[in-house]
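Have a look at the structure below before the remarks.
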Amino acid sequence: MVKVHLRKITKENLLSCLSLQVCEEQKNLVATTVQSLAQAYVDPNLFPLAVYDAAACGYEQPSVPMVGFTMYEVVAGVGFIMRLMIDCKYQRLGYGRATMLEVIRRLKLCPDVEVIATSYRKENQVAAKLYQSLGFKEWDIKYAISHLTEVYVKLEEWKSEPLHS
Ligand SMILES: CC(C)(COP(=O)(O)OP(=O)(O)OC[C@H]1O[C@@H](n2cnc3c(N)ncnc32)[C@H](O)[C@@H]1OP(=O)(O)O)[C@@H](O)C(=O)NCCC(=O)NCCS
């Protein structure tokens with residue numbers, strides 16, 4: 001199974017991050033990394049991360065390329081996966097699914113997170129199927145009503161039961 005390594009964006013890997021591109025027909029589905037990094041610069045609740053193959057783990061200067069980008073937000077008890085994109089050259093190799101699994105793992109470790117959620121544009125069938133297969137179900141949250149082009153989903157049944165003494 002493909003595994004990924006997520007790493008902060010630094011001055012060493014910034015250019016690779018800015019060069020990431022989705023396929024032409026996907027450009028209206030996700031913000032550019034420039035936009036995402038600008039948002040993260042002004043919002044401390046956002047966590048932008050570069051996606052590498054797991055082979056990059058342990059290497060300050062990885063010999064494998066950056067394959068994608070993800071960004072999540074932790075606000076009001078919700079860990080919200082705001083961005084997921086895999087560069088067009090590296091799509092359909094398992095990196096998108098592996099990135100979601102790794103972000104979910106991280107969010108589950110965060111004590112502030114009670115709900116794990118994400119969203120996608122209505123026409124994005126690839127994202128819809130991927131998120132559904134990971135256990136995301138439609139999320140009935142009020143602000144979804146004002147975003148008619150977006151589908152909001154949350155991960156069901158992930159919080160472990162509290163320990164009983
Ligand atoms: C969505 C996205 C991140 C998936 O990345 P990926 O690395 O290609 O995904 P994976 O290789 O892990 O594949 C995940 C599943 O999607 C399917 N899939 C991926 N691209 C597909 C395509 N173009 N058409 C049909 N199915 C596709 C795969 O077959 C796989 O299905 P399976 O698990 O049932 O076999 C990538 O297509 C992307 O960056 N899209 C543009 C941005 C976007 O839509 N982001 C998500 C919403 S914000």
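Residue names in the structure tokens use chain letters A, B, ... in the order shown, residue numbers from 1 in each chain, and ligand numbers from 1 in the order shown.
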- Message: Could you list, as a ChimeraX atom specification, all residues that come within 6 Å of ligand 1? Count only C-alpha atoms and all ligand atoms.
- Response: /A:22,26,29-30,83-86,91-97,120,126-127,130
Can you tell me which residues surround region 39-48 of chain A at a distance of at most 8 Å, considering only C-alpha atoms, apart from same-chain residues fewer than 5 positions away, and format the answer as a PDB file with N, CA and C atoms, in the first residue's frame?
```
ATOM      1  N   LYS A   8       6.212  20.153   6.612  1.00  0.00           N
ATOM      2  CA  LYS A   8       5.921  21.584   6.541  1.00  0.00           C
ATOM      3  C   LYS A   8       6.506  22.206   5.276  1.00  0.00           C
ATOM      4  N   ILE A   9       5.897  23.305   4.861  1.00  0.00           N
ATOM      5  CA  ILE A   9       6.464  24.060   3.742  1.00  0.00           C
ATOM      6  C   ILE A   9       7.538  24.981   4.348  1.00  0.00           C
ATOM      7  N   PHE A  69      -0.179  18.462  -2.101  1.00  0.00           N
ATOM      8  CA  PHE A  69      -0.329  19.472  -1.046  1.00  0.00           C
ATOM      9  C   PHE A  69      -1.643  19.216  -0.317  1.00  0.00           C
ATOM     10  N   THR A  70      -1.634  19.464   0.989  1.00  0.00           N
ATOM     11  CA  THR A  70      -2.871  19.376   1.749  1.00  0.00           C
ATOM     12  C   THR A  70      -2.868  20.464   2.808  1.00  0.00           C
ATOM     13  N   MET A  71      -4.037  20.838   3.280  1.00  0.00           N
ATOM     14  CA  MET A  71      -4.097  21.850   4.338  1.00  0.00           C
ATOM     15  C   MET A  71      -5.345  21.598   5.168  1.00  0.00           C
ATOM     16  N   TYR A  72      -5.161  21.591   6.487  1.00  0.00           N
ATOM     17  CA  TYR A  72      -6.339  21.443   7.343  1.00  0.00           C
ATOM     18  C   TYR A  72      -6.421  22.598   8.325  1.00  0.00           C
ATOM     19  N   GLU A  73      -7.607  22.689   8.908  1.00  0.00           N
ATOM     20  CA  GLU A  73      -7.901  23.778   9.835  1.00  0.00           C
ATOM     21  C   GLU A  73      -8.424  23.143  11.116  1.00  0.00           C
ATOM     22  N   VAL A  74      -8.036  23.668  12.264  1.00  0.00           N
ATOM     23  CA  VAL A  74      -8.640  23.191  13.515  1.00  0.00           C
ATOM     24  C   VAL A  74      -9.315  24.385  14.176  1.00  0.00           C
ATOM     25  N   VAL A  75     -10.650  24.369  14.154  1.00  0.00           N
ATOM     26  CA  VAL A  75     -11.443  25.473  14.705  1.00  0.00           C
ATOM     27  C   VAL A  75     -12.711  24.905  15.343  1.00  0.00           C
TER      28      VAL A  75
END
```
Counting only C-alpha atoms, which residues of region 8-104 of chain A sit at most 10 Å from some atom of region 132-143 of chain A, and what is each one's closest atom pair with its distance in Å to one decimal, listed by chain and rising residue number, as a tab-separated table?
```
residue	atom	partner	partner_atom	distance
A:Arg97	CA	A:Leu134	CA	8.3
A:Met100	CA	A:Leu134	CA	8.4
A:Leu101	CA	A:Leu134	CA	8.1
A:Ile104	CA	A:Leu134	CA	9.8
```
How about saving the chosen residues, N, CA and C atoms kept, as an mmCIF file, in the first residue's frame?
```
data_model
loop_
_atom_site.group_PDB
_atom_site.id
_atom_site.type_symbol
_atom_site.label_atom_id
_atom_site.label_comp_id
_atom_site.auth_asym_id
_atom_site.auth_seq_id
_atom_site.Cartn_x
_atom_site.Cartn_y
_atom_site.Cartn_z
ATOM 1 N N ARG A 97 -5.454 8.987 -1.624
ATOM 2 C CA ARG A 97 -6.019 8.197 -0.527
ATOM 3 C C ARG A 97 -5.043 8.149 0.659
ATOM 4 N N MET A 100 -5.076 11.391 2.608
ATOM 5 C CA MET A 100 -6.253 11.501 3.475
ATOM 6 C C MET A 100 -6.060 10.660 4.740
ATOM 7 N N LEU A 101 -5.576 9.435 4.576
ATOM 8 C CA LEU A 101 -5.389 8.563 5.747
ATOM 9 C C LEU A 101 -4.397 9.176 6.730
ATOM 10 N N ILE A 104 -6.026 12.219 8.468
ATOM 11 C CA ILE A 104 -7.000 11.733 9.456
ATOM 12 C C ILE A 104 -6.260 11.223 10.699
#
```
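Checking A:His147, A:Cys17, A:Lys11, A:Ala55 one by one against Leu37 (chain A), counting only C-alpha atoms, you find the shortest gap at A:Cys17.
Proximity to Asn124 (chain A) was assessed for A:Leu18, A:Asn28, A:Phe80, A:Thr33 counting only C-alpha atoms; the smallest distance is recorded for A:Asn28.
Distances from A:Ala56, A:Ala98, A:Ala31, A:Leu107 to Val2 (chain A) were compared using only C-alpha atoms, and the smallest one belongs to A:Ala98.
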- Report as a ChimeraX atom specification: the residues of region 103-162 of chain A with a DSSP assignment of alpha helix (DSSP H), based on the backbone of this structure. /A:103-109,125-133
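The space between CA of Lys154 (chain A) and CA of Thr118 (chain A) spans 6.3 Å.
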- Students should find that CA of Cys23 (chain A) and CA of Lys89 (chain A) are spaced 8.3 Å
